[in-house]
Each structure stands twice: as structure tokens, then as C-alpha cells.
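Notes for the one structure printed next.
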Amino acid sequence: MQLEKYKIDEINKEALADHKRKFEFVAADIKDIDRVIIKLSAFNIAIPSWALGTGGTRFGRFSGGGEPRSLEEKIEDVGVINSLNKSSNSISLHIPWDIPQNATAIKAHAAQNGLHFDAVNSNTFQDQKDQELSYKFGSLHHVDKAVRKQAVEHNIEVIKYGVQLDSKALSVWLSDGSNFPGQLNFRKAFQNTLESLQEIYEALPDDWKVWVEYKPYEPNFYSTTIGDWGQSYLLSSKLGPKAQTLVDLGHHLQGTNIEQIVSLLLMEGKLAGFHFNDSKYGDDDLTVGSINPYQLFLIFNELVEGMDARGMNHATSIGWMIDASHNVKDPIEDLLQSVQAIKIAYAQALLVDKAALTAAQQNNDVALAQEILQQAYRTDVRPLISQASLLSGGAINPVEVYRKLKVRDHLIKERGLKTVATGL
Ligand code: RM4
Ligand code: MN
Ligand code: MN
């Protein structure tokens with residue numbers, strides 16, 4: 001289903017006076033408000049095709065109804081999100097969960113929904129039906145060259161799908177690792193992974209990137225072959241300029257200073273982009289900003305500072321994507337909340353008084369540095385996000401409009417109550 005703009009406008013009208021009052025209040029204190037709104041309007045976050053259904057856990061799956069039954073319907077759901085927030089104009093596919101059978105038709109369908117394709121993701125962490133060799137003991141790092149070859153070929157096939165869709169990056173996440181000490185020779189596993197990635201790298205078109213994601217544990221619980229940013233950085237450095245490190249916020253041990261990692265990767269030109277989510281314990285894949293919004297702000301503060309230092313375009317130089325999966329919320333509402341949280345953190349980072357912070361750092365004025373950061377963090381920037389959305393033709397309050405338009409009811413009527421989307 002596609003949302004008609006006039007219906008969004010009608011609901012906006014009811015909220016307009018209230019919004020104006022709040023916007024003017026916060027805007028009065030922001031020197032370069034127009035620049036901030038332009039930046040916010042340009043900032044989009046890709047939606048992964050696997051987030052449109054209720055997430056799986058190893059204990060079960062509880063569909064809320066009206067889940068997309070096909071890639072076409074997933075695209076339509078992202079279209080709904082983008083009509084509401086004007087900040088999610090691309091979709092990231094996971095192959096083989098979402099194989100585009102007819103690329104031209106799929107591309108046209110995406111364009112009709114105002115979307116294009118972000119990174120394509122390969123999957124060698126599950127065995128597929130009719131697959132010749134198993135990934136039980138890994139894929140790109142496997143001791144058996146034949147398994148590695150099969151996994152390399154899968155990645156090359158994913159690139160081919162991506163080329164047809166005008167994607168520009170391959171995102172690789174491996175579950176390769178070991179469950180018990182002694183199971184694996186770490187050095188050989190790393191070297192095999194490097195060799196396999198080199199073959200994939202060779203198959204990349206000139207204007208493509210490969211994003212190497214890391215994760216410390218799960219599904220393996222003793223070692224992961226690309227376990228942290230150092231290991232990913234080592235691989236992406238050895239591979240060459242088209243390889244970079246992807247940071248998934250949930251892929252760190254508790255207490256890790258993610259903002260520092262981000263800052264250094266950015267400095268080295270090796271930050272591919274993000275898989276946004278939030279977590280309390282591990283790779284919880286919770287809604288962005290639901291647990292630790294301050295950390296998200298600190299990450300964005302480093303991003304804005306680092307991108308500005310390198311003269312990078314905030315919206316397009318880095319891959320911004322959500323990677324979350326949940327069991328209890330309407331997936332579309334959840335994604336709207338995640339995008340909102342990301343934009344809030346970004347807006348707050350844009351408000352940091354950089355000159356004052358640099359001076360405070362230079363003077364070792366620790367208390368003042370903290371004041372400056374918290375001044376930005378404690379500003380309620382939600383009216384700025386609403387204003388950017390409104391000016392782009394979206395909703396002042398996307399979740400509220402989604403509810404008022406009873407989108408889920410329509411989807412259930414159209415698709416049925418028992419549909420379950422492909423994916424995890
Ligand atoms: C992993 C990782 C990958 C995602 C899979 C489904 O934990 O975050 O990015 O593709 O889950
Ligand atoms: Mn991820
Ligand atoms: Mn993950």
C-alpha cells in the first residue's frame with residue numbers, strides 16, 4: 001500500500017500550531033538553524049529487508065499480522081516508512097532471503113515507492129536448501145577450500161544481484177568462529193578469511209565497496225574469526241581502499257567505548273558505516289535509542305566532528321543502516337522510532353559548539369567540555385526533526401500519523417493475519 005500525501009497533510013494540520021510553537025522555541029537559540037534543517041532533511045537511513053517482519057528468537061516468533069509476503073511488499077513497507085518520515089529512502093537486501101527475481105521490475109517498484117537500494121548483504125551463516133557443502137564449521141575461514149570456494153561464489157553472486165539493482169556495496173558478516181578452545185587455528189582461520197575476501201574483492205566493480213562487519217561472539221561462543229574492529233581493520237587494510245570496517249552497535253562487549261573506535265576508523269578513512277540498534281546485554285538488536293541514547297549521541301558527536309575534519313558529506317559518505325530485530329512491536333512503528341532516535345542524536349551532535357569544545361579541550365577545562373556536550377544532548381531537538389520532515393512532505397509525528405491512518409489494519413486486511421515475512 002502507498003500512503004496518500006494529502007492524508008498525511010490533513011493530520012499534520014491538526015498538529016501544526018503546537019509544532020510551530022515548539023519549533024520556534026528551540027530554533028530561537030540555534031544560530032544556524034537553516035543549515036541544521038537542511039542537514040537533517042538530507043539525512044537518510046537505510047531499512048534492512050529483514051526488519052519488516054517480527055523478529056525471530058531462538059524460542060519462537062510471534063507475528064503481529066500483515067507482514068510482507070514478498071520482496072515487493074517489503075519495498076512497499078519501506079515506502080510507507082519513507083512517506084511518513086522522509087528519512088528512509090533506501091532498502092538493504094539480504095540474499096538469499098530476498099532474491100530479486102526480476103531486477104528491472106523490482107527497481108521500478110522501488111522507484112515508484114521513492115526508494116533505491118543500499119548495500120546488499122550476503123549470508124553464509126546458514127545452510128540453504130539444496131546447498132552442496134555445509135557452513136556448520138564456517139564459511140570464508142573454513143579448513144576445506146571447497147567450502148570457502150562455495151562461500152566466495154555466493155558473495156560474488158550477491159554482488160551481481162546488487163549490480164542489477166544499482167547497489168554500491170557488499171556487506172559481509174560471518175558467523176565463522178569456534179565454540180571450544182583447540183577447535184581452530186586462529187592464524188590459519190584469519191588467513192583463509194583474508195584469501196577468501198581477496199577473491200571477493202577482485203570481483204567488486206570499481207565504484208563498489210566491501211564492508212567487513214565484526215562481532216565478538218554468537219553464534220560461536222569461544223572465538224569469532226572477525227571478532228572486533230582491530231581484526232576487521234586488519235582485513236580491510238590488507239584488502240585495499242575498497243574495503244572498510246562496518247560498525248554494528250550491538251557487536252561490542254559491554255562497556256566498550258564505541259565512539260572512540262568510530263573516531264579512529266573515520267580518521268583512517270576506514271569507517272564503512274553503521275548497523276544501528278541498541279542493546280543492554282549483547283547483540284540484543286533493540287530499537288535504536290531505546291536503552292542508551294547518550295551513547296548514540298556521543299557516537300554522532302565523533303561522527304560529525306570527524307566527518308567535518310575530513311570535509312565529508314554527512315549524508316552520503318558513510319553507509320547508515322538499521323539492523324534491528326524485535327519480537328513485540330509493530331515492525332514499522334519500531335523502525336520509525338529507530339530512525340527518529342538516529343536523527344535526534346544527529347541533530348544534537350550538530351548543535352555541539354565545536355569552537356568552544358575545542359578551546360575547552362585545549363585548556364584542559366574538563367568541566368566546561370562536559371557542560372558543552374550536555375548542553376547539546378539535553379536540548380529537546382524533536383521539533384527540528386519534525387520541521388525537517390514537514391518541509392520534505394512527511395509527517396510532524398510519523399508514529400502518530402501511522403496509527404491515525406490505521407496502516408497496520410489495512411495491511412492485515414490486504415495480506416492476512418497469519419503472514420510471516422522471510423528472514424530470521
Ligand atoms: C548478525 C549481524 C548481521 C546481520 C545478521 C542477520 O548478528 O548483525 O549484520 O546480517 O545478524
Ligand atoms: Mn549487523
Ligand atoms: Mn547483529
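If you're wondering about the labels, chains in the C-alpha cells are A, B, ... by order shown, residues count from 1 in each chain, ligands from 1 in order shown.
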>> Applying 10 Å and only C-alpha atoms, which residues near A:Ile318 remain after dropping the ones on its own chain fewer than 4 positions away? List them as number ranges by chain.
In response: A: 246, 266, 271-274, 303, 307, 312-314
> ligand 3: which residues are within 8 Å, counting only C-alpha atoms and all ligand atoms, as a ChimeraX atom specification?
Replying inline: /A:215,248,250-251,283-285,323-324
Please provide the set of residues having any atom within 12 Å of A:Lys145, restricted to only C-alpha atoms, with same-chain residues fewer than 4 positions apart removed, written as an mmCIF file with C-alpha atoms, in the first residue's frame.
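selection.cif was written with the following content:
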data_model
loop_
_atom_site.group_PDB
_atom_site.id
_atom_site.type_symbol
_atom_site.label_atom_id
_atom_site.label_comp_id
_atom_site.auth_asym_id
_atom_site.auth_seq_id
_atom_site.Cartn_x
_atom_site.Cartn_y
_atom_site.Cartn_z
ATOM 1 C CA LEU A 133 28.517 -28.099 1.329
ATOM 2 C CA GLY A 138 32.342 -21.770 8.988
ATOM 3 C CA SER A 139 32.432 -20.328 5.504
ATOM 4 C CA LEU A 140 35.183 -17.958 4.369
ATOM 5 C CA HIS A 141 37.541 -19.270 7.072
ATOM 6 C CA LYS A 149 35.054 -21.512 -2.683
ATOM 7 C CA GLN A 150 31.317 -22.066 -2.352
ATOM 8 C CA ALA A 151 31.070 -19.140 0.091
ATOM 9 C CA VAL A 152 33.179 -16.887 -2.157
ATOM 10 C CA ALA A 189 41.394 -19.129 10.085
ATOM 11 C CA ASN A 192 41.784 -18.261 4.970
ATOM 12 C CA THR A 193 39.309 -15.457 5.584
ATOM 13 C CA GLU A 195 42.275 -15.060 0.987
ATOM 14 C CA SER A 196 38.547 -15.599 0.506
#
>> Just checking: using only C-alpha atoms and all ligand atoms, which residue out of A:Arg415, A:His94, A:Lys7, A:Lys168 ends up closest to ligand 1?
In response: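 Among the listed residues, A:His94 lies closest to ligand 1.
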> Near A:Val247, within 10 Å and counting only C-alpha atoms, which residues show up once chain neighbours fewer than 5 positions away are dropped, as a PyMOL selection string?
Replying inline: chain A and resi 211-215+228-229+232+252+258+261-262+265+271-276
> So, counting only C-alpha atoms, which residue among A:Gln340, A:Lys404, A:Ser175, A:Ser236 is closest to A:Thr224?
Replying inline: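 So, comparing all the options, the nearest one is A:Ser175.
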> So, counting only C-alpha atoms, which residue among A:Pro48, A:Pro331, A:Gly53, A:Pro216 is closest to A:Ala119?
Replying inline: A:Pro48
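Comparing A:Thr104, A:Gln191, A:Ser87, A:Ser237 by their smallest distance to A:Ser392, the closest is A:Ser87 (using only C-alpha atoms).
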> Taking into account only C-alpha atoms and all ligand atoms, which residue in the set A:Ala103, A:Met321, A:Ala110, A:Met1 is nearest to ligand 2?
Replying inline: A:Met321
> Using only C-alpha atoms and all ligand atoms, which of the listed residues (A:Ile322, A:Gln295, A:Ser167, A:Glu302) sits closest to ligand 2?
Replying inline: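 Looking only at the distances to ligand 2, the closest residue turns out to be A:Ile322.
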>> What does the structure give for the distance between atom CA of A:Leu296 and atom CA of A:Ala345, in Å to one decimal?
In response: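 These atoms are spaced 6.2 Å apart.
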>> List as a ChimeraX atom specification the protein and nucleic acid residues near A:Gly269, meaning an atom at most 10 Å away when only C-alpha atoms are counted, but skip any in the same chain fewer than 6 places from it.
In response: /A:241,244-245,307,310
>> Which residues are near A:His154? Cut-off 10 Å, only C-alpha atoms, ignore same chain within fewer than 6 positions. Put them as a PyMOL selection string.
In response: chain A and resi 95-96+122-124+148+160+200
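You will find atom 7 (O, counted along the ligand's line) of ligand 1 at 13.7 Å from atom CA of A:Tyr281.
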> Hey, can you check how far atom CA of A:Gly227 sits from atom CA of A:Lys209?
Replying inline: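 Spanning atom CA of A:Gly227 to atom CA of A:Lys209 is a straight-line distance of 20.5 Å.
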> Out of stretch 31-210 of chain A, which residues get alpha helix (DSSP H) from DSSP, as a PyMOL selection string?
Replying inline: chain A and resi 33-42+71-85+103-112+145-164+186-202
> Residues of stretch 42-218 of chain A in strand (DSSP E) according to DSSP, as a ChimeraX atom specification?
Replying inline: /A:47-48,90-94,116-121,169-172,177-178,209-213
>> Quick one: residues within 12 Å of A:Lys31, only C-alpha atoms, excluding same-chain residues fewer than 3 positions away - as number ranges by chain?
In response: A: 26-28, 34-37, 350-353
